[in-house]
Each structure stands twice: as structure tokens, then as C-alpha cells.
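What's in input-v8.cif: mmCIF, C-alpha atoms and all ligand atoms
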data_work
#
loop_
_atom_site.label_atom_id
_atom_site.label_comp_id
_atom_site.auth_asym_id
_atom_site.auth_seq_id
_atom_site.Cartn_x
_atom_site.Cartn_y
_atom_site.Cartn_z
CA MET Z 1 83.66 134.76 138.82
CA ILE Z 2 87.31 135.09 139.70
CA TYR Z 3 88.90 132.43 141.90
CA LYS Z 4 91.75 133.58 144.07
CA ALA Z 5 94.32 131.38 145.82
CA ARG Z 6 96.62 132.88 148.44
CA VAL Z 7 99.41 130.43 149.15
CA PRO Z 8 102.41 130.86 151.46
CA THR Z 9 106.00 130.04 150.78
CA ASN Z 10 107.90 127.72 153.13
CA ILE Z 11 111.45 127.28 154.38
CA ALA Z 12 112.76 123.72 154.71
CA PHE Z 13 114.32 122.77 158.04
CA LEU Z 14 115.19 119.29 156.75
CA LYS Z 15 115.98 119.74 153.08
CA TYR Z 16 114.77 118.03 149.95
CA TRP Z 17 117.81 117.81 147.70
CA GLY Z 18 117.94 115.01 145.16
CA LYS Z 19 115.17 112.91 143.66
CA SER Z 20 114.65 109.16 143.48
CA ASP Z 21 112.45 109.70 140.43
CA GLU Z 22 112.36 112.96 138.51
CA GLN Z 23 109.24 112.36 136.41
CA SER Z 24 106.97 111.87 139.43
CA GLN Z 25 108.94 114.21 141.71
CA TRP Z 26 109.69 111.45 144.18
CA PRO Z 27 112.24 112.87 146.63
CA ALA Z 28 115.36 111.01 147.72
CA ASN Z 29 114.51 111.75 151.37
CA ASP Z 30 111.83 113.06 153.73
CA SER Z 31 111.72 116.81 154.38
CA LEU Z 32 110.25 119.09 157.01
CA SER Z 33 109.42 122.77 156.66
CA MET Z 34 108.01 125.82 158.37
CA THR Z 35 105.31 127.69 156.48
CA LEU Z 36 105.89 131.45 156.27
CA ASP Z 37 103.43 134.31 156.53
CA LEU Z 38 104.37 135.46 153.03
CA TYR Z 39 102.29 134.71 149.98
CA THR Z 40 101.83 134.35 146.27
CA GLU Z 41 98.37 135.33 145.10
CA THR Z 42 96.96 133.84 141.92
CA TRP Z 43 93.69 134.75 140.24
CA ALA Z 44 91.96 132.50 137.69
CA SER Z 45 88.99 133.27 135.49
CA ALA Z 46 87.08 131.45 132.78
CA GLU Z 47 86.32 134.81 131.18
CA ARG Z 48 88.27 135.08 127.94
CA GLY Z 49 91.12 137.61 128.05
CA ARG Z 50 90.41 138.59 131.63
CA PHE Z 51 94.05 138.15 132.69
CA PRO Z 52 97.27 138.33 130.64
CA PHE Z 53 98.38 134.71 130.95
CA ALA Z 54 96.11 131.97 129.56
CA SER Z 55 96.00 128.19 129.40
CA THR Z 56 95.83 128.56 125.62
CA ASP Z 57 99.16 130.49 125.38
CA SER Z 58 102.18 129.07 123.60
CA ILE Z 59 104.78 127.45 125.78
CA GLU Z 60 107.66 129.20 124.01
CA ASP Z 61 107.85 132.18 126.34
CA THR Z 62 111.41 132.58 127.57
CA ASP Z 63 110.83 133.80 131.15
CA PRO Z 64 111.72 130.68 133.22
CA PHE Z 65 108.92 131.08 135.79
CA PHE Z 66 106.32 131.76 133.10
CA HIS Z 67 107.50 128.73 131.18
CA LYS Z 68 107.33 126.47 134.25
CA ALA Z 69 103.92 127.83 135.26
CA LEU Z 70 102.41 127.46 131.80
CA ARG Z 71 103.78 123.96 131.39
CA HIS Z 72 102.21 123.02 134.74
CA LEU Z 73 98.85 124.61 133.84
CA LYS Z 74 98.73 122.67 130.58
CA PHE Z 75 99.71 119.49 132.41
CA LEU Z 76 96.85 119.99 134.93
CA ALA Z 77 94.30 120.64 132.17
CA LYS Z 78 95.32 117.50 130.30
CA HIS Z 79 95.81 115.21 133.28
CA LEU Z 80 92.51 116.22 134.93
CA ASN Z 81 90.68 116.56 131.63
CA PHE Z 82 89.56 120.18 132.04
CA GLN Z 83 89.04 121.57 128.56
CA GLU Z 84 87.77 125.02 129.51
CA PRO Z 85 90.37 127.73 128.67
CA ILE Z 86 91.17 129.90 131.68
CA SER Z 87 93.25 133.01 132.18
CA ILE Z 88 95.60 133.61 135.07
CA GLN Z 89 97.30 136.43 136.90
CA THR Z 90 99.85 135.93 139.64
CA HIS Z 91 101.65 138.18 142.09
CA ASN Z 92 104.36 137.48 144.68
CA GLU Z 93 104.40 139.49 147.91
CA PHE Z 94 108.17 139.21 147.85
CA PRO Z 95 110.78 140.02 145.18
CA ALA Z 96 111.99 137.20 142.93
CA GLY Z 97 115.51 135.91 143.61
CA CYS Z 98 115.51 137.10 147.23
CA GLY Z 99 116.14 133.65 148.70
CA LEU Z 100 112.48 132.87 149.23
CA ALA Z 101 111.14 129.93 147.28
CA SER Z 102 108.74 131.61 144.87
CA SER Z 103 108.39 128.33 142.97
CA ALA Z 104 106.81 126.64 146.04
CA SER Z 105 104.12 129.28 146.60
CA GLY Z 106 103.88 130.11 142.89
CA LEU Z 107 103.21 126.59 141.63
CA ALA Z 108 100.92 125.69 144.56
CA SER Z 109 98.84 128.86 144.14
CA LEU Z 110 98.59 128.27 140.39
CA THR Z 111 97.37 124.70 141.04
CA LEU Z 112 94.79 125.84 143.59
CA ALA Z 113 93.46 128.81 141.61
CA ALA Z 114 93.18 126.87 138.35
CA ILE Z 115 91.40 123.88 139.92
CA ALA Z 116 89.12 126.17 141.97
CA CYS Z 117 88.15 127.92 138.73
CA TRP Z 118 87.65 124.74 136.69
CA THR Z 119 85.51 123.19 139.44
CA ARG Z 120 83.85 126.49 140.52
CA SER Z 121 85.01 125.95 144.12
CA SER Z 122 85.45 128.91 146.43
CA SER Z 123 86.81 127.13 149.51
CA PHE Z 124 88.79 124.04 150.50
CA GLU Z 125 85.48 122.44 151.60
CA GLU Z 126 84.02 122.88 148.11
CA LEU Z 127 87.20 121.63 146.48
CA GLU Z 128 87.00 118.53 148.67
CA LYS Z 129 83.35 117.97 147.66
CA ASN Z 130 84.43 118.27 144.04
CA GLY Z 131 87.02 115.53 144.49
CA PHE Z 132 90.07 117.61 145.37
CA SER Z 133 91.15 116.98 148.94
CA ARG Z 134 94.05 119.01 150.27
CA GLU Z 135 96.25 115.90 149.96
CA ARG Z 136 95.34 115.56 146.29
CA LEU Z 137 96.00 119.27 145.70
CA ALA Z 138 99.38 118.86 147.42
CA SER Z 139 100.27 115.94 145.12
CA LEU Z 140 99.29 117.95 142.05
CA SER Z 141 101.26 120.99 143.27
CA ARG Z 142 104.27 118.75 143.86
CA LEU Z 143 104.34 117.88 140.18
CA GLY Z 144 104.90 121.59 139.43
CA SER Z 145 107.62 122.06 142.06
CA GLY Z 146 108.50 119.51 144.76
CA SER Z 147 108.60 121.93 147.69
CA ALA Z 148 105.18 123.34 146.64
CA CYS Z 149 103.43 120.37 148.28
CA ARG Z 150 104.55 121.62 151.72
CA SER Z 151 102.84 125.01 151.16
CA LEU Z 152 99.35 123.51 151.43
CA TRP Z 153 99.33 123.70 155.24
CA GLY Z 154 100.40 126.18 157.89
CA GLY Z 155 102.81 125.66 160.79
CA PHE Z 156 105.27 122.79 160.47
CA VAL Z 157 104.80 120.40 157.56
CA TYR Z 158 106.27 116.97 156.93
CA TRP Z 159 106.69 115.46 153.45
CA GLN Z 160 107.34 111.74 153.80
CA LYS Z 161 108.98 109.92 150.93
CA GLY Z 162 107.23 106.58 151.57
CA ALA Z 163 108.22 103.16 150.26
CA ASN Z 164 107.25 103.91 146.67
CA ILE Z 165 106.19 106.80 144.41
CA SER Z 166 102.50 106.49 145.19
CA SER Z 167 102.89 106.10 148.95
CA GLN Z 168 104.51 109.49 149.59
CA THR Z 169 102.49 111.72 151.92
CA VAL Z 170 102.45 115.36 153.04
CA ALA Z 171 100.83 116.33 156.32
CA PRO Z 172 100.94 119.05 158.95
CA LEU Z 173 103.01 118.20 162.02
CA PHE Z 174 102.09 121.13 164.31
CA PRO Z 175 99.94 124.19 163.62
CA LYS Z 176 101.42 127.67 163.64
CA GLU Z 177 100.09 128.27 167.19
CA HIS Z 178 102.46 125.60 168.48
CA TRP Z 179 105.51 127.87 168.36
CA ALA Z 180 105.88 131.55 167.44
CA LEU Z 181 109.03 131.30 165.34
CA ARG Z 182 110.13 133.86 162.77
CA ASP Z 183 112.40 133.79 159.72
CA CYS Z 184 114.52 136.86 159.06
CA VAL Z 185 115.80 136.44 155.49
CA VAL Z 186 119.04 138.37 155.11
CA ILE Z 187 119.44 139.27 151.45
CA LEU Z 188 123.12 139.26 150.58
CA SER Z 189 122.59 138.98 146.83
CA ASP Z 190 119.56 139.33 144.58
CA VAL Z 191 121.29 137.80 141.57
CA GLU Z 192 119.30 134.85 140.18
CA LYS Z 193 120.88 131.50 141.08
CA SER Z 194 123.37 130.11 138.56
CA VAL Z 195 122.07 126.52 138.70
CA SER Z 196 118.30 126.02 138.94
CA SER Z 197 117.01 123.65 141.62
CA THR Z 198 115.70 121.35 138.85
CA GLU Z 199 119.27 120.88 137.61
CA GLY Z 200 120.78 120.78 141.10
CA HIS Z 201 118.47 117.91 142.17
CA ARG Z 202 119.77 115.95 139.17
CA TYR Z 203 123.42 116.34 140.18
CA ALA Z 204 122.94 115.63 143.92
CA SER Z 205 123.48 111.86 143.74
CA SER Z 206 126.88 112.37 142.07
CA SER Z 207 128.28 113.81 145.32
CA PRO Z 208 130.38 111.29 147.29
CA LEU Z 209 128.62 112.64 150.42
CA PHE Z 210 125.09 111.94 149.19
CA GLN Z 211 124.66 108.31 150.35
CA THR Z 212 126.09 109.07 153.80
CA ARG Z 213 123.68 111.99 154.08
CA LEU Z 214 120.71 109.76 153.21
CA GLN Z 215 121.77 107.25 155.84
CA HIS Z 216 121.82 109.65 158.78
CA LEU Z 217 118.88 111.88 157.78
CA PRO Z 218 116.21 109.74 159.53
CA GLN Z 219 118.03 110.30 162.84
CA ARG Z 220 118.27 114.07 162.24
CA LEU Z 221 114.57 114.14 161.32
CA GLU Z 222 113.57 112.48 164.59
CA ALA Z 223 115.76 114.88 166.58
CA MET Z 224 114.21 117.86 164.75
CA LYS Z 225 110.67 116.64 165.39
CA GLU Z 226 111.53 116.22 169.06
CA ALA Z 227 113.05 119.73 169.28
CA ILE Z 228 109.96 121.24 167.62
CA ALA Z 229 107.64 119.28 169.92
CA LYS Z 230 109.56 120.62 172.96
CA ARG Z 231 109.98 124.13 171.47
CA ASP Z 232 113.70 123.81 172.13
CA LEU Z 233 115.37 126.37 169.85
CA PRO Z 234 119.03 125.66 170.76
CA GLN Z 235 118.44 121.96 169.99
CA LEU Z 236 116.57 122.71 166.78
CA GLY Z 237 119.06 125.43 165.81
CA ASN Z 238 122.09 123.14 165.95
CA LEU Z 239 120.26 120.66 163.73
CA LEU Z 240 119.18 123.41 161.32
CA GLU Z 241 122.73 124.65 160.89
CA GLU Z 242 124.29 121.22 160.43
CA GLU Z 243 121.56 120.30 157.92
CA ALA Z 244 121.95 123.50 155.88
CA LEU Z 245 125.74 123.15 155.72
CA GLU Z 246 125.48 119.50 154.78
CA MET Z 247 123.12 120.25 151.89
CA HIS Z 248 125.58 122.88 150.65
CA GLU Z 249 128.47 120.40 150.96
CA VAL Z 250 126.53 117.93 148.81
CA MET Z 251 125.83 120.73 146.33
CA ALA Z 252 129.46 121.85 146.18
CA THR Z 253 130.83 118.31 145.78
CA SER Z 254 128.43 117.17 143.05
CA THR Z 255 129.43 116.92 139.40
CA PRO Z 256 129.12 119.55 138.12
CA PRO Z 257 129.45 121.43 141.42
CA CYS Z 258 126.72 123.83 142.50
CA VAL Z 259 128.26 126.56 144.63
CA TYR Z 260 125.56 128.86 145.97
CA MET Z 261 127.26 130.30 149.06
CA THR Z 262 129.43 133.37 148.55
CA GLY Z 263 132.03 135.21 150.63
CA SER Z 264 129.20 137.41 151.97
CA THR Z 265 127.35 134.29 153.13
CA PHE Z 266 130.39 133.07 155.11
CA ASN Z 267 131.00 136.55 156.56
CA PHE Z 268 127.39 136.76 157.67
CA LEU Z 269 127.46 133.28 159.23
CA SER Z 270 130.45 134.20 161.38
CA PHE Z 271 128.78 137.52 162.35
CA LEU Z 272 125.69 135.54 163.39
CA ALA Z 273 127.67 133.03 165.48
CA GLN Z 274 129.59 135.83 167.18
CA SER Z 275 126.44 137.88 167.89
CA ARG Z 276 124.65 134.82 169.28
CA ALA Z 277 127.54 134.16 171.66
CA GLU Z 278 127.81 137.80 172.75
CA LEU Z 279 124.11 138.67 173.06
CA GLY Z 280 122.77 135.25 174.08
CA ILE Z 281 119.86 135.48 171.60
CA PRO Z 282 118.78 132.03 170.35
CA MET Z 283 118.94 132.58 166.58
CA TYR Z 284 120.18 130.04 164.07
CA PHE Z 285 120.65 129.94 160.33
CA THR Z 286 119.35 127.79 157.57
CA LEU Z 287 120.01 128.16 153.84
CA ASP Z 288 118.10 127.50 150.65
CA ALA Z 289 119.65 126.93 147.21
CA GLY Z 290 121.20 130.39 147.20
CA PRO Z 291 123.60 132.74 149.00
CA ASN Z 292 121.01 134.38 151.29
CA VAL Z 293 120.65 133.42 154.92
CA HIS Z 294 117.44 132.57 156.81
CA VAL Z 295 117.75 133.35 160.51
CA ILE Z 296 115.24 131.40 162.60
CA TYR Z 297 114.37 132.95 165.96
CA GLN Z 298 111.51 133.45 168.41
CA GLU Z 299 108.89 136.20 168.25
CA ASP Z 300 109.92 137.57 171.68
CA ASP Z 301 113.34 138.51 170.27
CA LYS Z 302 111.93 140.37 167.24
CA ASP Z 303 113.04 143.86 168.26
CA LYS Z 304 116.56 142.73 169.20
CA VAL Z 305 117.02 140.74 165.99
CA GLN Z 306 115.69 143.52 163.78
CA ASP Z 307 118.00 145.99 165.48
CA LEU Z 308 120.99 143.68 165.08
CA PHE Z 309 120.43 143.30 161.33
CA LYS Z 310 119.39 146.88 160.60
CA GLU Z 311 122.38 147.44 158.29
CA TYR Z 312 121.26 144.54 156.07
CA LYS Z 313 118.47 144.23 153.55
CA THR Z 314 116.02 141.80 155.19
CA ILE Z 315 112.55 140.32 154.84
CA ASP Z 316 111.38 139.34 158.29
CA VAL Z 317 108.33 137.08 158.51
CA ALA Z 318 106.40 135.08 161.08
CA ILE Z 319 105.38 131.44 160.85
CA GLY Z 320 102.28 131.28 158.63
CA ALA Z 321 98.79 129.83 158.87
CA GLY Z 322 98.59 128.28 155.40
CA PRO Z 323 96.69 128.90 152.17
CA SER Z 324 93.19 130.18 151.43
CA ILE Z 325 90.82 130.15 148.46
CA SER Z 326 88.15 132.73 147.74
CA GLU Z 327 85.77 133.80 145.02
CA LEU Z 328 85.46 137.40 143.85
CA ALA Z 329 82.81 138.89 141.62
CA HIS Z 330 83.98 140.44 138.34
CA ASP Z 331 83.95 144.23 138.55
O1 LIG C 1 110.95 122.52 144.98
P1 LIG C 1 112.26 122.65 144.29
O2 LIG C 1 112.40 121.68 143.18
O3 LIG C 1 112.53 124.06 143.86
O4 LIG C 1 113.42 122.23 145.32
C1 LIG C 1 113.60 122.87 146.55
C2 LIG C 1 114.93 122.62 147.10
C3 LIG C 1 115.29 123.41 148.34
O5 LIG C 1 114.58 124.62 148.40
C4 LIG C 1 116.77 123.72 148.28
C5 LIG C 1 115.06 122.60 149.62
C6 LIG C 1 113.63 122.41 150.07
O6 LIG C 1 113.36 121.36 150.64
O7 LIG C 1 112.82 123.34 149.93
#

As C-alpha cells - that is how I would like this structure written.
Amino acid sequence: MIYKARVPTNIAFLKYWGKSDEQSQWPANDSLSMTLDLYTETWASAERGRFPFASTDSIEDTDPFFHKALRHLKFLAKHLNFQEPISIQTHNEFPAGCGLASSASGLASLTLAAIACWTRSSSFEELEKNGFSRERLASLSRLGSGSACRSLWGGFVYWQKGANISSQTVAPLFPKEHWALRDCVVILSDVEKSVSSTEGHRYASSSPLFQTRLQHLPQRLEAMKEAIAKRDLPQLGNLLEEEALEMHEVMATSTPPCVYMTGSTFNFLSFLAQSRAELGIPMYFTLDAGPNVHVIYQEDDKDKVQDLFKEYKTIDVAIGAGPSISELAHD
């Protein structure tokens, strides 16, 4: 049998940037995200040589994603004591380096497919019966890439830091049906980022702005939750923009500095602000660790937004329902 995991990527509204403990991926602050309707698919099989990438491969491969994925697969096998060799294939529905977090969906789908295969589980219900609740799968995914733990649910997802490493939690806040938001990712550069997020997290606390940021984040979080609960896009949008800019200020003022925004990013942000004022469309930006811009807007404005950005390269996606697991017969 082949076990397939289809796991969405997510965009953070309140950002995770900086860790209190790197080894256990304990974040410096809570974060909140929207799951996107855009997926990484990963297939796992216990049949020898079925897929090109196997748990028995050497870790020396130079491709950074492959390296990270293989290291995580070996960690899972050892930590969970699964000795059976498995082979893996993975495919992103979106291009790498386009400003969408492929490590979130990639590492979560690898975790799900591998554990489904080792435990012969073809649904979340079976995984749960076999000792792997969604919360446990989220914790294991988090050890591959922090933001991966938020990809285990659809809609709006909240990752709470908790008082200590073992008390952190991830849980859905509202399902996708709560609010038909969309994310239009405007691709201004497809060059791979100069500083990986793993490195960037390490430098965050060296920014003189970092402690101040941590102090006022709880207030911003509450205001964001309230805006989402009320489906108030202007209120949420102002918070999204101030949060994204603040994360980039922390990045740019850390030692060494991580400067991800480019001239094209700034030009686009002023075009967006001007268009919003002229056309009255509620649409607001957020940013990831890169130069590309995520424009958050409501489904009803889809045609207008797509028309406005038609000169740009974009990936426009709806809020997503979350991951799935299935079992396919070998052909
Ligand atoms: O999951 P990581 O280690 O790649 O870090 C993600 C960091 C950001 O994407 C910039 C913010 C976030 O919360 O997703």
C-alpha cells in the first residue's frame, strides 16, 4: 500500500520569529495563521525502491530541502522506534521560493505520510487509534519546521507558546467556513532567500526591538482574534500590516541583519495602499521571510483584485480546509 498525505501551507497573521529554545522548537511568542488551499502531497511506501527518496539514504545530499526532510525522517524513525525502511516521494503544488512556506506543508506532509505508512493508517481516525492524535502529529511536525505544526488544521490556527516547552499547544481557532478570505501572493522575486529561517530565528533576539515586540504581542494577538471573530477586515488588516512590518524591522535590525524586503516590495506596498484608498477594496498585506507580498482580501472581491494585479505574477488561493490522509493500492 501507498500512504498519501495532502497537507496545506499556511500564512502567519501573527508571526513566529525567534525561538526560546531551538532544540525543541519552542517559539519566543504565540502565533496565529490562516491555512491556505494549496498543498504539498507526500507518498510513503514500505515497498523497497518504490520511490526515489528513502529513509535509508545518506544524509549528505546537498539540496537544502532534501537534507532537512531526510534528517527529519531519520529523527522520526529513531524517536518513534520505527525500524521499517520506507521510501518517499513529495510534490509541491506551488513553485519553491515563491514566498509560500514549502517547509511548513513539506515537513508536515512528510511526518503524516511516514507515520501513516509505519502504522498502516489510512485516515486521521486510524492514526488516532494507533496512538497518533492530531496534536501529537502537530508536535512531531513542529520538530521538522516550527510553522508546520499550524498546517495540521484548516481555517485559522493558533500556536500557543505555553509556560514551558512541553505545555505549548496548537489548535484551530475558527474553521474555514467562518470567513471566506483569500491570499493573493504577489511574486516580486523567485530568488531563494539569502538567510534561511533557521538562521534568522537565531539572530532575532539580537535586535534591540525584539523585547519590546514580545511585550506588546499579547495585545495584538487579542485584537487579531477579536477582528477574526467579528470578520472585520479593516481592523484585521491594520494589525496584519503593522505585524508584518514589525517582524521585518526586527529582521533588519538583528546582528547580522536579515533584509528580505527589496525595492520592488516597497513599490508594491505603496501601490497597494494607493489602490485601496482609490478603489475602496479592503485588501491588506502581510509578509513572510522574503520579498514577496501576501494580499489578504475577501472572496467577494476576487474579480476586482485579480484584475488589479493582472500585470504581476501571482498565486491566488482561498482559505483552506486542512490536511487529509489516504491509502492507495500499488499499481
Ligand atoms: O517554520 P520556520 O522555521 O520556517 O519559520 C517560519 C517563520 C515565518 O514564516 C517567517 C513566520 C511564521 O510564523 O510562519

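Neighbouring residues of Glu299 in chain Z at 8 Å or closer, counting only C-alpha atoms and skipping chain neighbours under 6 positions away, are Ala180, Leu181, Arg182 and Ala318 of chain Z.
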
Export C-alpha atoms of the chosen residues as an mmCIF file, keeping the file's coordinate frame?
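Output file selection_30.cif is given in full below:
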data_model
loop_
_atom_site.group_PDB
_atom_site.id
_atom_site.type_symbol
_atom_site.label_atom_id
_atom_site.label_comp_id
_atom_site.auth_asym_id
_atom_site.auth_seq_id
_atom_site.Cartn_x
_atom_site.Cartn_y
_atom_site.Cartn_z
ATOM 1 C CA ALA Z 180 105.880 131.550 167.440
ATOM 2 C CA LEU Z 181 109.030 131.300 165.340
ATOM 3 C CA ARG Z 182 110.130 133.860 162.770
ATOM 4 C CA ALA Z 318 106.400 135.080 161.080
#

Which is closest to ligand LIG 1 (chain C) among Z:Thr42, Z:Ser24, Z:Thr198, Z:Ser121, if we use only C-alpha atoms and all ligand atoms?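 Smallest distance to ligand LIG 1 (chain C) is found for Z:Thr198.
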
Return as a count of residues only every polymer residue, whether protein, DNA or RNA, with at least one atom no more than 10 Å from an atom of ligand LIG 1 (chain C); count all atoms listed in the file. 52

Find the residues around Ile315 in chain Z up to 7 Å (all atoms listed in the file counted), leave out those fewer than 2 positions away in its own chain, and share them as a compact mmCIF listing (two decimals) with C-alpha atoms, keeping the file's coordinate frame.
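Contents of result_18.txt, as written:
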# COMPACT_ATOMS: atom_id res chain seq x y z
CA CYS Z 184 114.52 136.86 159.06
CA VAL Z 185 115.80 136.44 155.49
CA VAL Z 186 119.04 138.37 155.11
CA VAL Z 317 108.33 137.08 158.51

Go through Z:Ala69, Z:Cys117, Z:Leu272, Z:Val7 one by one, measure the shortest atom-to-atom distance of each to Phe285 in chain Z using only C-alpha atoms, and give the residue with the smallest value. Z:Leu272

Mind giving me the axis-aligned box for range 68-82 of chain Z with 6 Å on every side, centre plus edges in Å to one decimal, as lines of an AutoDock Vina configuration file?
center_x = 98.4
center_y = 121.5
center_z = 132.8
size_x = 29.8
size_y = 24.6
size_z = 17.0

Atom-to-atom span, CA of Gln274 in chain Z and CA of Glu249 in chain Z, Å: 22.4 Å

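Distances to Pro95 in chain Z were evaluated for Z:Ala204, Z:Leu38, Z:Val259, Z:Ala321 using all atoms listed in the file, and the minimum falls at Z:Leu38.
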
Could I get range 149-170 of chain Z rebuilt with N, CA, C and O atoms, written as a CSV table (one decimal), keeping the file's coordinate frame?
chain,number,residue,atom,x,y,z
Z,149,CYS,N,104.4,121.2,147.6
Z,149,CYS,CA,103.4,120.4,148.3
Z,149,CYS,C,103.4,120.7,149.8
Z,149,CYS,O,102.4,120.5,150.4
Z,150,ARG,N,104.5,121.3,150.3
Z,150,ARG,CA,104.6,121.6,151.7
Z,150,ARG,C,103.9,122.9,152.0
Z,150,ARG,O,103.7,123.3,153.2
Z,151,SER,N,103.5,123.7,150.9
Z,151,SER,CA,102.8,125.0,151.2
Z,151,SER,C,101.3,124.9,151.3
Z,151,SER,O,100.6,125.9,151.4
Z,152,LEU,N,100.8,123.7,151.3
Z,152,LEU,CA,99.4,123.5,151.4
Z,152,LEU,C,98.8,123.6,152.9
Z,152,LEU,O,97.6,123.6,153.1
Z,153,TRP,N,99.7,123.6,153.8
Z,153,TRP,CA,99.3,123.7,155.2
Z,153,TRP,C,100.2,124.8,155.9
Z,153,TRP,O,101.2,125.1,155.5
Z,154,GLY,N,99.6,125.2,157.1
Z,154,GLY,CA,100.4,126.2,157.9
Z,154,GLY,C,101.3,125.5,158.9
Z,154,GLY,O,101.3,124.2,159.0
Z,155,GLY,N,102.0,126.2,159.7
Z,155,GLY,CA,102.8,125.7,160.8
Z,155,GLY,C,104.0,124.9,160.3
Z,155,GLY,O,104.7,125.3,159.4
Z,156,PHE,N,104.1,123.7,160.8
Z,156,PHE,CA,105.3,122.8,160.5
Z,156,PHE,C,104.7,121.6,159.6
Z,156,PHE,O,103.7,121.0,160.0
Z,157,VAL,N,105.4,121.4,158.5
Z,157,VAL,CA,104.8,120.4,157.6
Z,157,VAL,C,105.9,119.3,157.2
Z,157,VAL,O,107.0,119.7,157.0
Z,158,TYR,N,105.4,118.1,157.1
Z,158,TYR,CA,106.3,117.0,156.9
Z,158,TYR,C,105.9,116.3,155.6
Z,158,TYR,O,104.8,115.8,155.4
Z,159,TRP,N,106.9,116.2,154.7
Z,159,TRP,CA,106.7,115.5,153.4
Z,159,TRP,C,107.5,114.2,153.6
Z,159,TRP,O,108.7,114.2,153.7
Z,160,GLN,N,106.7,113.0,153.6
Z,160,GLN,CA,107.3,111.7,153.8
Z,160,GLN,C,107.5,111.0,152.5
Z,160,GLN,O,106.5,110.9,151.7
Z,161,LYS,N,108.7,110.6,152.2
Z,161,LYS,CA,109.0,109.9,150.9
Z,161,LYS,C,108.2,108.6,150.7
Z,161,LYS,O,107.7,108.4,149.6
Z,162,GLY,N,108.0,107.8,151.7
Z,162,GLY,CA,107.2,106.6,151.6
Z,162,GLY,C,108.1,105.5,150.8
Z,162,GLY,O,109.1,105.8,150.3
Z,163,ALA,N,107.5,104.3,150.8
Z,163,ALA,CA,108.2,103.2,150.3
Z,163,ALA,C,108.2,103.2,148.7
Z,163,ALA,O,109.1,102.6,148.1
Z,164,ASN,N,107.2,103.8,148.1
Z,164,ASN,CA,107.2,103.9,146.7
Z,164,ASN,C,106.6,105.2,146.2
Z,164,ASN,O,106.0,105.9,147.1
Z,165,ILE,N,106.7,105.5,144.9
Z,165,ILE,CA,106.2,106.8,144.4
Z,165,ILE,C,104.8,107.1,144.9
Z,165,ILE,O,104.5,108.3,145.3
Z,166,SER,N,103.9,106.2,144.9
Z,166,SER,CA,102.5,106.5,145.2
Z,166,SER,C,102.2,106.5,146.7
Z,166,SER,O,101.2,106.9,147.1
Z,167,SER,N,103.2,106.1,147.5
Z,167,SER,CA,102.9,106.1,149.0
Z,167,SER,C,103.5,107.3,149.7
Z,167,SER,O,103.5,107.4,150.9
Z,168,GLN,N,104.0,108.3,148.9
Z,168,GLN,CA,104.5,109.5,149.6
Z,168,GLN,C,103.3,110.3,150.2
Z,168,GLN,O,102.2,110.3,149.6
Z,169,THR,N,103.6,111.0,151.3
Z,169,THR,CA,102.5,111.7,151.9
Z,169,THR,C,103.0,113.1,152.4
Z,169,THR,O,104.2,113.3,152.6
Z,170,VAL,N,102.1,114.0,152.5
Z,170,VAL,CA,102.4,115.4,153.0
Z,170,VAL,C,101.4,115.7,154.1
Z,170,VAL,O,100.2,115.5,153.8
